[in-house]
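Colleague: Provided herewith: work_11.tsv, TSV, C-alpha atoms.
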```tsv
chain	number	residue	atom	x	y	z
L	1	MET	CA	8.28	123.63	59.59
L	2	ILE	CA	7.27	127.03	58.20
L	3	LYS	CA	6.22	125.34	54.96
L	4	GLU	CA	4.03	122.91	56.92
L	5	GLU	CA	2.40	125.73	58.86
L	6	GLU	CA	1.73	127.73	55.70
L	7	PHE	CA	0.25	124.66	54.04
L	8	VAL	CA	-2.02	123.89	56.99
L	9	ARG	CA	-3.20	127.50	57.08
L	10	LEU	CA	-3.96	127.43	53.35
L	11	ILE	CA	-6.06	124.28	53.75
L	12	GLN	CA	-7.85	125.58	56.83
L	13	ASP	CA	-8.63	128.93	55.19
L	14	ASN	CA	-9.95	127.24	52.08
L	15	GLN	CA	-11.53	124.04	53.40
L	16	GLY	CA	-14.95	125.23	52.26
L	17	LEU	CA	-13.67	125.82	48.73
L	18	ILE	CA	-12.13	122.34	48.61
L	19	TYR	CA	-15.30	120.79	49.95
L	20	LYS	CA	-17.43	122.56	47.36
L	21	ILE	CA	-15.18	121.24	44.57
L	22	THR	CA	-15.64	117.72	45.91
L	23	THR	CA	-19.43	118.01	45.89
L	24	ILE	CA	-19.39	119.08	42.25
L	25	TYR	CA	-17.13	116.24	41.17
L	26	SER	CA	-18.18	113.25	43.28
L	27	LYS	CA	-21.38	111.30	43.52
L	28	ASP	CA	-21.37	110.01	47.10
L	29	LYS	CA	-19.89	110.57	50.55
L	30	GLU	CA	-17.14	107.98	50.13
L	31	GLU	CA	-15.99	109.41	46.82
L	32	ARG	CA	-16.20	112.94	48.25
L	33	GLU	CA	-13.93	112.11	51.18
L	34	ASP	CA	-11.49	110.38	48.87
L	35	LEU	CA	-11.34	113.40	46.55
L	36	TYR	CA	-11.07	115.81	49.50
L	37	GLN	CA	-8.01	113.96	50.73
L	38	GLU	CA	-6.52	113.72	47.25
L	39	ILE	CA	-6.84	117.50	46.84
L	40	VAL	CA	-5.13	118.05	50.22
L	41	TYR	CA	-2.35	115.69	49.15
L	42	GLN	CA	-1.90	117.24	45.69
L	43	THR	CA	-1.87	120.72	47.24
L	44	TRP	CA	1.00	119.62	49.48
L	45	LYS	CA	2.81	118.01	46.56
L	46	SER	CA	2.59	121.18	44.45
L	47	PHE	CA	2.99	123.56	47.37
L	48	ASP	CA	6.26	125.04	46.09
L	49	TYR	CA	4.35	126.48	43.12
L	50	PHE	CA	1.90	128.13	45.51
L	51	LYS	CA	4.58	130.54	46.71
L	52	LYS	CA	5.27	131.57	43.12
L	53	ALA	CA	1.60	132.06	42.26
L	54	SER	CA	0.44	135.63	41.90
L	55	LYS	CA	-3.10	134.85	43.05
L	56	PRO	CA	-3.21	132.11	45.70
L	57	THR	CA	-6.96	131.47	45.39
L	58	THR	CA	-6.73	131.14	41.61
L	59	TRP	CA	-3.93	128.63	42.15
L	60	LEU	CA	-5.98	126.61	44.62
L	61	TYR	CA	-9.03	126.57	42.34
L	62	ARG	CA	-6.76	125.20	39.61
L	63	VAL	CA	-5.18	122.53	41.82
L	64	GLY	CA	-8.61	121.48	43.10
L	65	MET	CA	-10.13	121.24	39.65
L	66	ASN	CA	-7.05	119.59	38.12
L	67	THR	CA	-7.02	116.99	40.88
L	68	ALA	CA	-10.73	116.29	40.47
L	69	ILE	CA	-10.36	115.96	36.69
L	70	THR	CA	-7.40	113.57	36.81
L	71	HIS	CA	-8.48	111.63	39.88
L	72	LEU	CA	-12.02	110.94	38.69
L	73	ASN	CA	-11.00	110.37	35.10
L	74	LYS	CA	-8.82	107.40	35.95
L	75	SER	CA	-10.04	104.15	34.51
L	76	LYS	CA	-9.35	102.11	37.62
L	77	ARG	CA	-9.79	104.04	40.80
L	78	ARG	CA	-9.60	102.66	44.25
L	79	ILE	CA	-11.31	104.60	47.01
L	80	SER	CA	-8.54	104.91	49.54
L	81	ALA	CA	-9.64	107.62	51.91
L	82	VAL	CA	-8.26	107.37	55.42
L	83	PRO	CA	-11.03	107.63	58.02
L	84	ILE	CA	-11.46	111.29	58.93
L	85	GLU	CA	-14.36	111.22	61.31
L	86	ASP	CA	-13.10	114.40	62.95
L	87	VAL	CA	-13.77	116.40	59.81
L	88	LYS	CA	-17.00	118.20	60.30
L	89	VAL	CA	-17.03	120.02	57.00
L	90	GLN	CA	-20.28	119.31	55.23
L	91	PHE	CA	-23.27	121.05	53.82
L	92	THR	CA	-25.75	121.06	56.62
L	93	GLU	CA	-29.37	120.94	55.62
L	94	SER	CA	-31.10	124.24	55.93
L	95	GLY	CA	-34.32	122.86	57.39
L	96	ASP	CA	-36.14	124.32	54.44
L	97	PHE	CA	-37.29	121.17	52.65
L	98	GLU	CA	-37.97	122.85	49.32
L	99	LYS	CA	-34.59	124.59	49.32
L	100	ASP	CA	-32.70	121.40	50.21
L	101	GLU	CA	-34.49	119.55	47.46
L	102	LYS	CA	-33.52	122.25	44.94
L	103	ILE	CA	-29.89	122.05	46.06
L	104	GLN	CA	-29.84	118.29	45.60
L	105	GLU	CA	-31.41	118.69	42.17
L	106	LEU	CA	-28.79	121.29	41.30
L	107	TYR	CA	-25.99	118.85	42.20
L	108	VAL	CA	-27.57	116.11	40.11
L	109	GLN	CA	-27.80	118.37	37.05
L	110	ILE	CA	-24.25	119.72	37.45
L	111	ARG	CA	-22.84	116.21	37.76
L	112	LYS	CA	-24.38	115.39	34.38
L	113	LEU	CA	-22.05	117.93	32.72
L	114	ASN	CA	-18.58	116.99	31.45
L	115	LEU	CA	-15.57	117.48	33.73
L	116	LEU	CA	-14.56	120.89	32.35
L	117	ASP	CA	-18.10	122.30	32.23
L	118	ARG	CA	-18.64	121.23	35.84
L	119	GLY	CA	-15.63	123.34	36.80
L	120	ILE	CA	-16.85	126.29	34.74
L	121	VAL	CA	-20.32	126.28	36.28
L	122	PHE	CA	-18.75	125.86	39.72
L	123	LEU	CA	-16.64	128.99	39.19
L	124	TYR	CA	-19.71	130.83	37.89
L	125	LEU	CA	-21.69	129.86	40.98
L	126	GLU	CA	-18.75	131.01	43.09
L	127	GLY	CA	-19.38	134.45	41.63
L	128	LYS	CA	-16.37	134.59	39.31
L	129	SER	CA	-16.53	136.80	36.23
L	130	TYR	CA	-16.04	135.32	32.74
L	131	GLU	CA	-12.52	136.81	32.74
L	132	GLU	CA	-11.67	135.09	36.02
L	133	ILE	CA	-13.19	131.81	34.85
L	134	ALA	CA	-11.07	132.06	31.69
L	135	GLU	CA	-7.93	132.73	33.74
L	136	ILE	CA	-8.51	129.80	36.09
L	137	SER	CA	-9.71	127.25	33.56
L	138	GLY	CA	-7.28	128.21	30.78
L	139	ILE	CA	-9.84	128.80	28.02
L	140	SER	CA	-10.60	132.07	26.26
L	141	VAL	CA	-13.23	134.52	27.55
L	142	SER	CA	-15.35	134.00	24.44
L	143	ASN	CA	-15.16	130.23	24.90
L	144	VAL	CA	-16.36	130.68	28.50
L	145	GLY	CA	-19.34	132.65	27.15
L	146	THR	CA	-20.17	129.99	24.57
L	147	ARG	CA	-19.85	127.18	27.09
L	148	MET	CA	-21.87	129.05	29.71
L	149	SER	CA	-24.83	129.58	27.38
L	150	ARG	CA	-24.74	125.84	26.50
L	151	ILE	CA	-24.49	124.93	30.20
L	152	LYS	CA	-27.42	127.23	31.04
L	153	GLN	CA	-29.55	125.49	28.44
L	154	LYS	CA	-28.58	122.03	29.69
L	155	LEU	CA	-29.24	122.90	33.33
L	156	LYS	CA	-32.54	124.60	32.51
L	157	SER	CA	-33.87	121.68	30.50
L	158	GLY	CA	-32.58	119.23	33.11
L	159	MET	CA	-34.28	121.05	35.96
L	160	LYS	CA	-37.59	121.20	34.06
L	161	SER	CA	-37.71	117.50	33.23
C	1	MET	CA	-34.98	127.09	38.19
C	2	GLU	CA	-33.07	129.98	36.65
C	3	LEU	CA	-29.29	130.20	36.93
C	4	GLU	CA	-29.51	133.34	39.05
C	5	GLU	CA	-31.62	131.41	41.55
C	6	MET	CA	-29.02	128.66	41.56
C	7	LYS	CA	-26.35	131.26	42.21
C	8	SER	CA	-28.25	132.58	45.19
C	9	LEU	CA	-28.71	129.02	46.56
C	10	TRP	CA	-24.99	128.44	46.13
C	11	SER	CA	-24.17	131.62	47.95
C	12	ASP	CA	-26.33	130.52	50.94
C	13	LEU	CA	-24.46	127.22	50.97
C	14	SER	CA	-21.08	128.96	50.85
C	15	VAL	CA	-21.98	130.97	53.94
C	16	LYS	CA	-22.91	127.76	55.78
C	17	VAL	CA	-19.72	125.98	54.71
C	18	GLU	CA	-17.56	128.86	55.89
C	19	LYS	CA	-19.18	128.60	59.32
C	20	GLN	CA	-18.10	124.98	59.78
C	21	ASP	CA	-15.43	123.98	62.30
C	22	ARG	CA	-11.84	124.27	61.12
C	23	ILE	CA	-10.16	121.03	60.16
C	24	GLN	CA	-7.44	120.22	62.70
C	25	GLN	CA	-3.80	120.81	61.84
C	26	GLY	CA	-2.73	117.29	62.86
C	27	LEU	CA	-5.42	115.73	60.71
C	28	ILE	CA	-4.33	117.64	57.59
C	29	MET	CA	-0.76	116.37	57.94
C	30	GLU	CA	-2.00	112.85	58.76
C	31	ILE	CA	-4.07	112.79	55.55
C	32	THR	CA	-1.05	113.99	53.55
C	33	LYS	CA	1.33	111.40	55.02
C	34	GLN	CA	-1.11	108.49	54.69
C	35	ARG	CA	-1.89	109.44	51.12
C	36	PHE	CA	1.82	109.55	50.29
C	37	ARG	CA	2.33	106.09	51.79
C	38	SER	CA	-0.69	104.57	50.03
C	39	LYS	CA	0.56	105.89	46.66
C	40	LEU	CA	3.96	104.30	47.19
C	41	ASN	CA	2.30	100.98	48.07
C	42	SER	CA	0.04	100.96	45.03
C	43	ILE	CA	3.03	101.62	42.73
C	44	GLN	CA	4.92	98.71	44.27
C	45	VAL	CA	2.10	96.22	44.06
C	46	SER	CA	0.59	96.79	40.64
C	47	GLU	CA	3.65	97.77	38.64
C	48	LEU	CA	6.42	95.76	40.21
C	49	ILE	CA	4.74	92.34	40.38
C	50	GLY	CA	3.86	92.35	36.67
C	51	THR	CA	7.34	93.48	35.71
C	52	VAL	CA	9.06	90.89	37.91
C	53	VAL	CA	6.91	88.06	36.49
C	54	CYS	CA	7.64	89.10	32.89
C	55	PHE	CA	11.35	89.58	33.50
C	56	ALA	CA	11.55	86.23	35.30
C	57	GLY	CA	9.98	84.59	32.25
C	58	ALA	CA	12.46	86.32	29.96
C	59	ALA	CA	15.38	85.36	32.21
C	60	TYR	CA	14.28	81.72	32.17
C	61	PHE	CA	14.41	81.58	28.37
C	62	ILE	CA	17.67	83.56	28.14
C	63	LEU	CA	19.40	81.24	30.63
C	64	ASN	CA	18.10	78.10	28.94
C	65	PHE	CA	18.30	79.25	25.34
C	66	GLY	CA	21.39	77.09	24.65
C	67	LYS	CA	19.46	73.97	25.64
C	68	LEU	CA	16.90	74.43	22.87
C	69	GLU	CA	17.78	72.21	19.90
C	70	ILE	CA	14.81	72.59	17.57
C	71	TRP	CA	15.08	75.68	15.37
C	72	TYR	CA	11.44	76.81	15.61
C	73	ASN	CA	11.55	76.54	19.41
C	74	GLN	CA	14.56	78.86	19.34
C	75	VAL	CA	12.53	81.34	17.26
C	76	PHE	CA	9.54	81.05	19.64
C	77	ALA	CA	11.79	81.52	22.68
C	78	LEU	CA	13.29	84.62	21.08
C	79	ILE	CA	9.80	86.05	20.45
C	80	ASN	CA	8.92	85.26	24.08
C	81	ILE	CA	12.00	87.01	25.43
C	82	LEU	CA	11.34	90.14	23.36
C	83	ILE	CA	7.67	90.33	24.38
C	84	ALA	CA	8.38	89.65	28.07
C	85	ILE	CA	10.82	92.57	28.12
C	86	ALA	CA	8.86	94.94	25.88
C	87	LEU	CA	5.42	94.48	27.50
C	88	PRO	CA	6.17	95.73	31.04
C	89	LEU	CA	8.39	98.53	29.71
C	90	LEU	CA	5.61	99.68	27.40
C	91	SER	CA	3.00	99.58	30.18
C	92	LEU	CA	5.26	101.23	32.75
C	93	THR	CA	6.09	104.08	30.37
C	94	THR	CA	2.44	104.87	29.62
C	95	ILE	CA	1.33	104.56	33.26
C	96	ARG	CA	4.19	106.82	34.38
C	97	SER	CA	3.30	109.33	31.71
C	98	MET	CA	-0.27	109.48	33.04
C	99	LYS	CA	0.99	110.09	36.54
C	100	ASN	CA	3.44	112.84	35.63
C	101	LEU	CA	0.95	115.64	35.10
C	102	GLN	CA	1.79	119.14	36.33
C	103	ILE	CA	-1.24	119.68	38.54
C	104	GLY	CA	0.35	122.65	40.29
C	105	THR	CA	1.20	124.65	37.18
C	106	GLU	CA	-1.13	123.79	34.30
C	107	SER	CA	-4.67	125.05	33.72
C	108	PRO	CA	-7.62	122.61	33.92
C	109	ILE	CA	-8.15	122.67	30.14
C	110	SER	CA	-4.49	121.76	29.47
C	111	ILE	CA	-4.58	119.09	32.16
C	112	LEU	CA	-7.77	117.62	30.76
C	113	LYS	CA	-6.51	117.62	27.17
C	114	ASP	CA	-3.12	116.25	28.19
C	115	PHE	CA	-4.63	113.61	30.44
C	116	THR	CA	-7.16	112.50	27.83
C	117	LYS	CA	-4.44	112.21	25.17
C	118	ARG	CA	-2.26	110.17	27.52
C	119	LYS	CA	-5.24	108.03	28.45
C	120	LEU	CA	-5.97	107.42	24.80
C	121	ARG	CA	-2.36	106.34	24.33
C	122	PHE	CA	-2.71	104.12	27.40
C	123	TRP	CA	-5.76	102.35	25.93
C	124	GLN	CA	-3.97	101.89	22.61
C	125	VAL	CA	-0.94	100.42	24.37
C	126	GLN	CA	-3.21	98.13	26.37
C	127	ARG	CA	-4.80	96.93	23.16
C	128	LEU	CA	-1.38	96.27	21.65
C	129	SER	CA	-0.41	94.48	24.87
C	130	LEU	CA	-3.39	92.19	24.47
C	131	VAL	CA	-2.21	91.18	20.98
C	132	LEU	CA	1.36	90.68	22.22
C	133	ALA	CA	0.15	88.68	25.22
C	134	SER	CA	-1.82	86.37	22.91
C	135	VAL	CA	1.28	85.83	20.75
C	136	TYR	CA	3.24	85.18	23.94
C	137	LEU	CA	0.79	82.51	25.10
C	138	LEU	CA	0.86	80.82	21.72
C	139	THR	CA	4.62	80.74	21.43
C	140	ILE	CA	5.50	79.78	25.00
C	141	LEU	CA	4.13	76.21	24.87
C	142	LEU	CA	6.59	74.51	22.51
C	143	PRO	CA	9.94	75.83	23.81
C	144	PHE	CA	8.77	75.46	27.41
C	145	ALA	CA	7.78	71.82	26.82
C	146	GLU	CA	11.15	71.09	25.17
C	147	LEU	CA	13.03	72.60	28.13
C	148	GLN	CA	10.95	70.55	30.55
C	149	GLY	CA	11.66	67.41	28.50
C	150	LYS	CA	7.96	66.93	27.78
C	151	SER	CA	7.83	67.36	24.01
C	152	GLU	CA	5.85	64.13	23.81
C	153	VAL	CA	2.85	66.02	25.23
C	154	PHE	CA	2.24	67.33	21.74
C	155	MET	CA	1.95	63.79	20.42
C	156	SER	CA	-1.00	62.88	22.63
C	157	ARG	CA	-4.52	63.12	21.17
C	158	SER	CA	-6.07	64.64	24.30
C	159	PHE	CA	-3.70	67.58	24.04
C	160	TRP	CA	-4.96	68.49	20.55
C	161	ILE	CA	-8.59	67.51	21.07
C	162	VAL	CA	-9.22	68.86	24.59
C	163	TYR	CA	-6.56	71.26	25.86
C	164	ILE	CA	-5.81	73.26	22.73
C	165	PRO	CA	-9.49	73.95	21.77
C	166	LEU	CA	-10.32	74.80	25.40
C	167	GLY	CA	-7.32	77.12	25.63
C	168	PHE	CA	-8.27	78.85	22.39
C	169	ALA	CA	-11.92	79.22	23.43
C	170	PHE	CA	-10.91	80.78	26.74
C	171	MET	CA	-8.41	83.09	25.06
C	172	LEU	CA	-10.99	84.15	22.47
C	173	MET	CA	-13.63	84.91	25.10
C	174	PHE	CA	-11.22	86.80	27.32
C	175	SER	CA	-9.72	88.75	24.40
C	176	SER	CA	-13.08	89.80	23.01
C	177	TRP	CA	-14.21	91.00	26.47
C	178	VAL	CA	-11.01	92.98	27.02
C	179	TRP	CA	-11.03	94.27	23.43
C	180	LYS	CA	-14.55	95.66	23.85
C	181	LYS	CA	-13.49	97.31	27.10
C	182	TYR	CA	-10.50	98.98	25.43
C	183	LYS	CA	-12.61	100.04	22.46
C	184	ARG	CA	-15.08	101.74	24.83
C	185	GLY	CA	-12.19	103.42	26.66
C	186	ILE	CA	-10.72	104.75	23.43
C	187	ALA	CA	-14.13	105.93	22.19
C	188	SER	CA	-14.91	107.84	25.40
C	189	SER	CA	-11.46	109.48	25.47
C	190	GLU	CA	-11.82	110.50	21.83
C	191	ALA	CA	-15.31	111.90	22.50
C	192	LEU	CA	-14.02	113.95	25.43
C	193	LEU	CA	-11.16	115.32	23.33
C	194	ARG	CA	-13.59	116.30	20.57
C	195	GLU	CA	-15.84	118.02	23.10
C	196	LEU	CA	-12.89	119.96	24.54
C	197	THR	CA	-11.67	121.24	21.22
C	198	GLU	CA	-15.12	122.38	20.06
```
What is this structure when it is put down as structure tokens?
Modeller:
Amino acid sequence: MIKEEEFVRLIQDNQGLIYKITTIYSKDKEEREDLYQEIVYQTWKSFDYFKKASKPTTWLYRVGMNTAITHLNKSKRRISAVPIEDVKVQFTESGDFEKDEKIQELYVQIRKLNLLDRGIVFLYLEGKSYEEIAEISGISVSNVGTRMSRIKQKLKSGMKS
Amino acid sequence: MELEEMKSLWSDLSVKVEKQDRIQQGLIMEITKQRFRSKLNSIQVSELIGTVVCFAGAAYFILNFGKLEIWYNQVFALINILIAIALPLLSLTTIRSMKNLQIGTESPISILKDFTKRKLRFWQVQRLSLVLASVYLLTILLPFAELQGKSEVFMSRSFWIVYIPLGFAFMLMFSSWVWKKYKRGIASSEALLRELTE
């Protein structure tokens, strides 16, 4: 029972983080809900490792990204989300038309990147340092730097066109 | 838009997301339980049916092997038995290997590399399966007809003029479609691996 309570608290405390991962990795609402639920499920499945993790948030970032990578990379994927109409987590529009348009454009450009680069830019936007990005993603700090400058170029040229 | 501007937009969004209502406790557990059940179901349906069909085919030839009198039908039946046992085992092993990833312990780069390598292996196995399945279809006809006491089917002209060419045409079309699909799958997995190791 304690495990269940701890798990629920972890999801509740980080529901925004999970939701943001789903927006980076999925193209529509249906896919987003499916991925959200898959991340919740995989977090439960690997929950015993959570207790051993030195940094819980780092662990959750990893589980979220790993789930997105493997779930969306499958050749035959069936959307099997259970209806969760009660979930109100979503990016509400700001009312600022120009800002909302820029956000949508940002999503479009990020989704054009490969699965790993999407995760790297997500961590960057989350305000993580190159060292933290390297720790979470499992690549070297210098590789993060190289990838980030490539990503910046791609996003810049994408946003211009 | 500069990346710093994107970062600031993202930060505004994060604030909004954090202000959203908390997902209910019951709903989190409901999602987890339903997901667990749906995974069990999908394993049963897709993996078990194929295996049962193949094993049933193999069992049929094993049980009736003694009734085959013509030597080449015995050879064909033997090939059929081996393929019907090897095919599902091969597929099950690669599918299982793709499912057994350590999401809770590995880093995204290791997961991605590992997953892509396993996927590549999966495509290669699927391609091999296609070849084996074609051999299976070719070799099943004669021993099956002998066991059913209908060897005379092969003497009729319509069998050779209509059924065999039609069967081959269908098999050729289907194989080339599936082959292209597998080739694309292998190419995209290889490209992703190359990109990751750059």
Colleague: To one decimal place, how far is atom CA of Arg118 of chain L from atom CA of Pro56 of chain L in Å?
Modeller: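 Taking atom CA of Arg118 of chain L and atom CA of Pro56 of chain L, their separation equals 21.3 Å.
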Colleague: In Å, with one decimal, what is the gap from atom CA of Ser129 of chain C to atom CA of Glu146 of chain C?
Modeller: 26.1 Å
Colleague: Quick one: distance from atom CA of Glu195 of chain C to atom CA of Thr23 of chain L in Å, one decimal?
Modeller: 23.1 Å
Colleague: Could you list the residues in chain C lying within 8 Å of chain L, using all atoms listed in the file, and format the result as a PyMOL selection string?
Modeller: chain C and resi 1-3+6-7+9-11+13-14+16-18+20-25+27-29+31-32+34-36+38+103-112+115
Colleague: Restrict the selected residues to C-alpha atoms and save them as a CSV table (one decimal), in the frame of the given file.
Modeller:
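The resulting part.csv:
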```csv
chain,number,residue,atom,x,y,z
C,1,MET,CA,-35.0,127.1,38.2
C,2,GLU,CA,-33.1,130.0,36.6
C,3,LEU,CA,-29.3,130.2,36.9
C,6,MET,CA,-29.0,128.7,41.6
C,7,LYS,CA,-26.4,131.3,42.2
C,9,LEU,CA,-28.7,129.0,46.6
C,10,TRP,CA,-25.0,128.4,46.1
C,11,SER,CA,-24.2,131.6,48.0
C,13,LEU,CA,-24.5,127.2,51.0
C,14,SER,CA,-21.1,129.0,50.8
C,16,LYS,CA,-22.9,127.8,55.8
C,17,VAL,CA,-19.7,126.0,54.7
C,18,GLU,CA,-17.6,128.9,55.9
C,20,GLN,CA,-18.1,125.0,59.8
C,21,ASP,CA,-15.4,124.0,62.3
C,22,ARG,CA,-11.8,124.3,61.1
C,23,ILE,CA,-10.2,121.0,60.2
C,24,GLN,CA,-7.4,120.2,62.7
C,25,GLN,CA,-3.8,120.8,61.8
C,27,LEU,CA,-5.4,115.7,60.7
C,28,ILE,CA,-4.3,117.6,57.6
C,29,MET,CA,-0.8,116.4,57.9
C,31,ILE,CA,-4.1,112.8,55.6
C,32,THR,CA,-1.0,114.0,53.6
C,34,GLN,CA,-1.1,108.5,54.7
C,35,ARG,CA,-1.9,109.4,51.1
C,36,PHE,CA,1.8,109.6,50.3
C,38,SER,CA,-0.7,104.6,50.0
C,103,ILE,CA,-1.2,119.7,38.5
C,104,GLY,CA,0.4,122.6,40.3
C,105,THR,CA,1.2,124.6,37.2
C,106,GLU,CA,-1.1,123.8,34.3
C,107,SER,CA,-4.7,125.0,33.7
C,108,PRO,CA,-7.6,122.6,33.9
C,109,ILE,CA,-8.2,122.7,30.1
C,110,SER,CA,-4.5,121.8,29.5
C,111,ILE,CA,-4.6,119.1,32.2
C,112,LEU,CA,-7.8,117.6,30.8
C,115,PHE,CA,-4.6,113.6,30.4
```
Colleague: Taking 6 positions as the minimum chain separation for residues in the same chain, which residues sit within 12 Å of Leu63 of chain C when counting all atoms listed in the file? Answer as a list in words.
Modeller: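 Counting only the stated atoms, we get Phe55, Ala56, Gly57, Ala77, Leu78, Ile81 and Leu147 of chain C.
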Colleague: Since the input is missing atoms, can you rebuild all heavy atoms for segment 14-21 of chain L and write them as a short mmCIF file (atom, residue, chain, number, x, y, z; two decimals), keeping the file's coordinate frame?
Modeller:
```cif
data_model
loop_
_atom_site.label_atom_id
_atom_site.label_comp_id
_atom_site.auth_asym_id
_atom_site.auth_seq_id
_atom_site.Cartn_x
_atom_site.Cartn_y
_atom_site.Cartn_z
N ASN L 14 -9.20 127.54 53.30
CA ASN L 14 -9.95 127.24 52.08
C ASN L 14 -10.66 125.89 52.13
O ASN L 14 -10.97 125.32 51.08
CB ASN L 14 -9.01 127.28 50.87
CG ASN L 14 -8.47 128.66 50.63
OD1 ASN L 14 -9.16 129.53 50.11
ND2 ASN L 14 -7.23 128.88 51.05
N GLN L 15 -10.91 125.37 53.32
CA GLN L 15 -11.53 124.04 53.40
C GLN L 15 -12.92 124.03 52.77
O GLN L 15 -13.34 123.02 52.20
CB GLN L 15 -11.55 123.52 54.83
CG GLN L 15 -12.39 124.32 55.80
CD GLN L 15 -12.33 123.73 57.21
OE1 GLN L 15 -11.34 123.15 57.61
NE2 GLN L 15 -13.42 123.87 57.93
N GLY L 16 -13.61 125.14 52.86
CA GLY L 16 -14.95 125.23 52.26
C GLY L 16 -14.86 125.13 50.75
O GLY L 16 -15.63 124.41 50.11
N LEU L 17 -13.88 125.83 50.19
CA LEU L 17 -13.67 125.82 48.73
C LEU L 17 -13.39 124.38 48.26
O LEU L 17 -13.98 123.89 47.29
CB LEU L 17 -12.50 126.73 48.40
CG LEU L 17 -12.10 127.00 46.96
CD1 LEU L 17 -11.39 128.33 46.88
CD2 LEU L 17 -11.22 125.93 46.39
N ILE L 18 -12.48 123.72 48.99
CA ILE L 18 -12.13 122.34 48.61
C ILE L 18 -13.37 121.45 48.70
O ILE L 18 -13.64 120.65 47.82
CB ILE L 18 -11.01 121.79 49.53
CG1 ILE L 18 -9.74 122.64 49.38
CG2 ILE L 18 -10.70 120.32 49.21
CD1 ILE L 18 -8.65 122.31 50.37
N TYR L 19 -14.12 121.63 49.77
CA TYR L 19 -15.30 120.79 49.95
C TYR L 19 -16.32 121.01 48.82
O TYR L 19 -16.92 120.06 48.32
CB TYR L 19 -15.95 121.05 51.31
CG TYR L 19 -16.98 120.00 51.62
CD1 TYR L 19 -16.60 118.75 52.12
CD2 TYR L 19 -18.32 120.22 51.34
CE1 TYR L 19 -17.54 117.77 52.35
CE2 TYR L 19 -19.26 119.24 51.58
CZ TYR L 19 -18.86 118.03 52.09
OH TYR L 19 -19.79 117.05 52.32
N LYS L 20 -16.46 122.28 48.42
CA LYS L 20 -17.43 122.56 47.36
C LYS L 20 -16.99 121.91 46.04
O LYS L 20 -17.82 121.40 45.29
CB LYS L 20 -17.61 124.08 47.20
CG LYS L 20 -18.54 124.65 48.27
CD LYS L 20 -18.81 126.11 48.05
CE LYS L 20 -17.70 126.96 48.61
NZ LYS L 20 -17.93 128.41 48.44
N ILE L 21 -15.68 121.92 45.79
CA ILE L 21 -15.18 121.24 44.57
C ILE L 21 -15.53 119.75 44.63
O ILE L 21 -15.99 119.17 43.65
CB ILE L 21 -13.65 121.44 44.40
CG1 ILE L 21 -13.33 122.91 44.14
CG2 ILE L 21 -13.10 120.57 43.26
CD1 ILE L 21 -11.85 123.23 44.03
#
```
